[in-house]
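J.: Please read through the structure below; I'll follow up with questions.
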Amino acid sequence: MTSAPLLDVQGLVKDYQALRPLRIKSLALAPGDVVAVSGLDAAAAQTFVHLVTGATLPDSGEIALFGQNTRAITDGEAWLKSLDGVGMVTSRGVVVEMFTVLQNIAMSFTLEVDPIDPEVLPKAAALARDAGLDEATFNVAAGRMLADAHMRIHLARALALGPRLLIAEHPSASLPRETVGAFGADLARLARSRGLALLALTADDDLAKAIGGQRVELVAATGELKPVGFLKKLFS
């Protein structure tokens, strides 16, 4: 029995004041799918994320998130509810530099972070460990941590509320090259171990290789998603 798509994009066209509109002919992710998409620059990736989450609507075409067409979301409460199953890994998220690593992760659950609510503390620590953060850094101010730790904070936060779909938006853009492979492997490991769908929007070949799964490249002029290299057989 085939699982219904968590994300289903069909005939998407969106003008976002670039050289050409964003076009995607067809993209569907089911639970457990791991897909890396190249060919979207930072502006296109951000626009696509806004479309997927219903923050903006397509000019034409349809997007269904967890079976609900984003055009059918009629009010703010329904929109927020539609986002419950999405975890975002992006440097556009805010890391409060004066707060510690654990305080930043605990903010996914509560605003009581000084000190951290005792009921939340074990959850935040478990997420930090899962995301590959060293326990020695847990009580260090985030402002003293390097870019790799910041992205791992974003990863921990993305997993905090039990998403079904994980979207990584150019997650390695700010990472030192020597950390990219390990971050990509951890990202994929956490998605697979939780049975999530993972959609990585990236121009980073090293990251895409570390993530594994299906690799496709967007042909901007047509909206086709072209398999990369030997993975063509997955789409035949």
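Each chain in the structure tokens gets a letter, A, B, ..., in the order shown, and its residues are numbered from 1; ligands are numbered from 1 in order too.
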Show me, as a list in words, the residues that have an atom within 9 Å of A:Tyr16 when counting only C-alpha atoms, minus same-chain residues fewer than 2 positions from it.

T.: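 Listing them by chain and then by number gives Lys14, Ala18, Leu19, Arg20, Pro21, Leu22, Ala43, Ala44 and Thr47 of chain A.
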
J.: Need to verify the contact set: stretch 109-122 of chain A, 12 Å, only C-alpha atoms, exclusion of same-chain residues closer than 4 positions in sequence. Can you return it as a PyMOL selection string?

T.: chain A and resi 96+98-105+126-129+138-139+156-162

J.: Fewer than 3 positions away in the same chain doesn't count, so skip those; otherwise give me all residues within 6 Å of stretch 211-219 of chain A, counting only C-alpha atoms, as a ChimeraX atom specification.

T.: /A:34-39,184-185,188,208,222-228

J.: Using only C-alpha atoms, which residue out of A:Glu135, A:Glu62, A:Asp186, A:Asp206 lies closest to A:Gly11?

T.: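 Checking each of A:Glu135, A:Glu62, A:Asp186, A:Asp206 against A:Gly11, counting only C-alpha atoms, the winner is A:Glu62.
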
J.: Select from stretch 2-229 of chain A everything DSSP, run on the backbone, classes as alpha helix (DSSP H), then give the selection as an mmCIF file with C-alpha atoms, in the first residue's frame.

T.:
data_model
loop_
_atom_site.group_PDB
_atom_site.id
_atom_site.type_symbol
_atom_site.label_atom_id
_atom_site.label_comp_id
_atom_site.auth_asym_id
_atom_site.auth_seq_id
_atom_site.Cartn_x
_atom_site.Cartn_y
_atom_site.Cartn_z
ATOM 1 C CA ALA A 42 18.529 31.477 -2.003
ATOM 2 C CA ALA A 43 15.621 33.630 -3.210
ATOM 3 C CA ALA A 44 13.953 30.772 -5.096
ATOM 4 C CA ALA A 45 14.364 28.403 -2.147
ATOM 5 C CA GLN A 46 12.850 30.925 0.257
ATOM 6 C CA THR A 47 9.939 31.507 -2.121
ATOM 7 C CA PHE A 48 9.386 27.760 -2.431
ATOM 8 C CA VAL A 49 9.368 27.331 1.349
ATOM 9 C CA HIS A 50 6.793 30.125 1.666
ATOM 10 C CA LEU A 51 4.649 28.365 -0.935
ATOM 11 C CA VAL A 52 4.906 24.964 0.734
ATOM 12 C CA GLY A 76 -4.506 32.320 10.812
ATOM 13 C CA GLU A 77 -5.370 29.559 13.273
ATOM 14 C CA ALA A 78 -5.867 27.022 10.484
ATOM 15 C CA TRP A 79 -2.614 28.142 8.884
ATOM 16 C CA LEU A 80 -0.643 27.647 12.096
ATOM 17 C CA LYS A 81 -2.229 24.221 12.554
ATOM 18 C CA SER A 82 -1.148 23.266 9.028
ATOM 19 C CA VAL A 101 22.732 26.265 23.447
ATOM 20 C CA LEU A 102 20.144 24.486 25.601
ATOM 21 C CA GLN A 103 18.153 27.661 26.216
ATOM 22 C CA ASN A 104 17.891 28.206 22.467
ATOM 23 C CA ILE A 105 16.593 24.663 21.963
ATOM 24 C CA ALA A 106 14.254 24.875 24.963
ATOM 25 C CA LEU A 121 15.299 20.494 30.288
ATOM 26 C CA PRO A 122 15.565 16.725 29.572
ATOM 27 C CA LYS A 123 13.780 17.150 26.225
ATOM 28 C CA ALA A 124 16.119 19.961 25.186
ATOM 29 C CA ALA A 125 19.189 17.969 26.233
ATOM 30 C CA ALA A 126 18.035 14.880 24.325
ATOM 31 C CA LEU A 127 17.454 16.927 21.184
ATOM 32 C CA ALA A 128 20.869 18.567 21.526
ATOM 33 C CA ARG A 129 22.550 15.159 21.739
ATOM 34 C CA ASP A 130 20.553 13.830 18.786
ATOM 35 C CA ALA A 147 28.313 28.109 12.462
ATOM 36 C CA ASP A 148 28.137 24.305 12.651
ATOM 37 C CA ALA A 149 26.737 24.470 16.194
ATOM 38 C CA HIS A 150 24.204 27.105 15.129
ATOM 39 C CA MET A 151 22.878 24.861 12.344
ATOM 40 C CA ARG A 152 22.674 21.967 14.776
ATOM 41 C CA ILE A 153 20.608 24.179 17.092
ATOM 42 C CA HIS A 154 18.287 24.829 14.139
ATOM 43 C CA LEU A 155 18.165 21.075 13.470
ATOM 44 C CA ALA A 156 17.276 20.292 17.089
ATOM 45 C CA ARG A 157 14.532 22.899 17.025
ATOM 46 C CA ALA A 158 13.158 21.528 13.766
ATOM 47 C CA LEU A 159 12.731 18.128 15.413
ATOM 48 C CA ARG A 177 33.607 22.860 4.359
ATOM 49 C CA GLU A 178 35.076 20.303 6.737
ATOM 50 C CA THR A 179 31.779 20.081 8.651
ATOM 51 C CA VAL A 180 29.397 19.696 5.698
ATOM 52 C CA GLY A 181 29.617 15.925 5.292
ATOM 53 C CA ALA A 182 28.997 15.178 8.969
ATOM 54 C CA PHE A 183 26.101 17.605 9.136
ATOM 55 C CA GLY A 184 24.471 16.117 6.043
ATOM 56 C CA ALA A 185 24.880 12.582 7.367
ATOM 57 C CA ASP A 186 23.345 13.546 10.722
ATOM 58 C CA LEU A 187 20.466 15.344 9.007
ATOM 59 C CA ALA A 188 19.625 12.239 6.963
ATOM 60 C CA ARG A 189 20.138 9.883 9.904
ATOM 61 C CA LEU A 190 17.715 11.789 12.091
ATOM 62 C CA ALA A 191 15.094 11.965 9.347
ATOM 63 C CA ARG A 192 15.363 8.257 8.586
ATOM 64 C CA SER A 193 15.377 7.150 12.216
ATOM 65 C CA ASP A 205 27.142 18.619 -3.940
ATOM 66 C CA ASP A 206 28.982 17.427 -0.817
ATOM 67 C CA LEU A 207 25.879 17.914 1.311
ATOM 68 C CA ALA A 208 23.641 16.152 -1.206
ATOM 69 C CA LYS A 209 26.014 13.175 -1.335
ATOM 70 C CA ALA A 210 26.121 12.974 2.460
ATOM 71 C CA ILE A 211 22.334 13.032 2.676
#

J.: Which neighbours of A:Leu7 fall inside 7 Å, counting only C-alpha atoms, when residues of the same chain fewer than 6 positions from it are skipped, and could you give them as a PyMOL selection string?

T.: chain A and resi 28-29+64-66
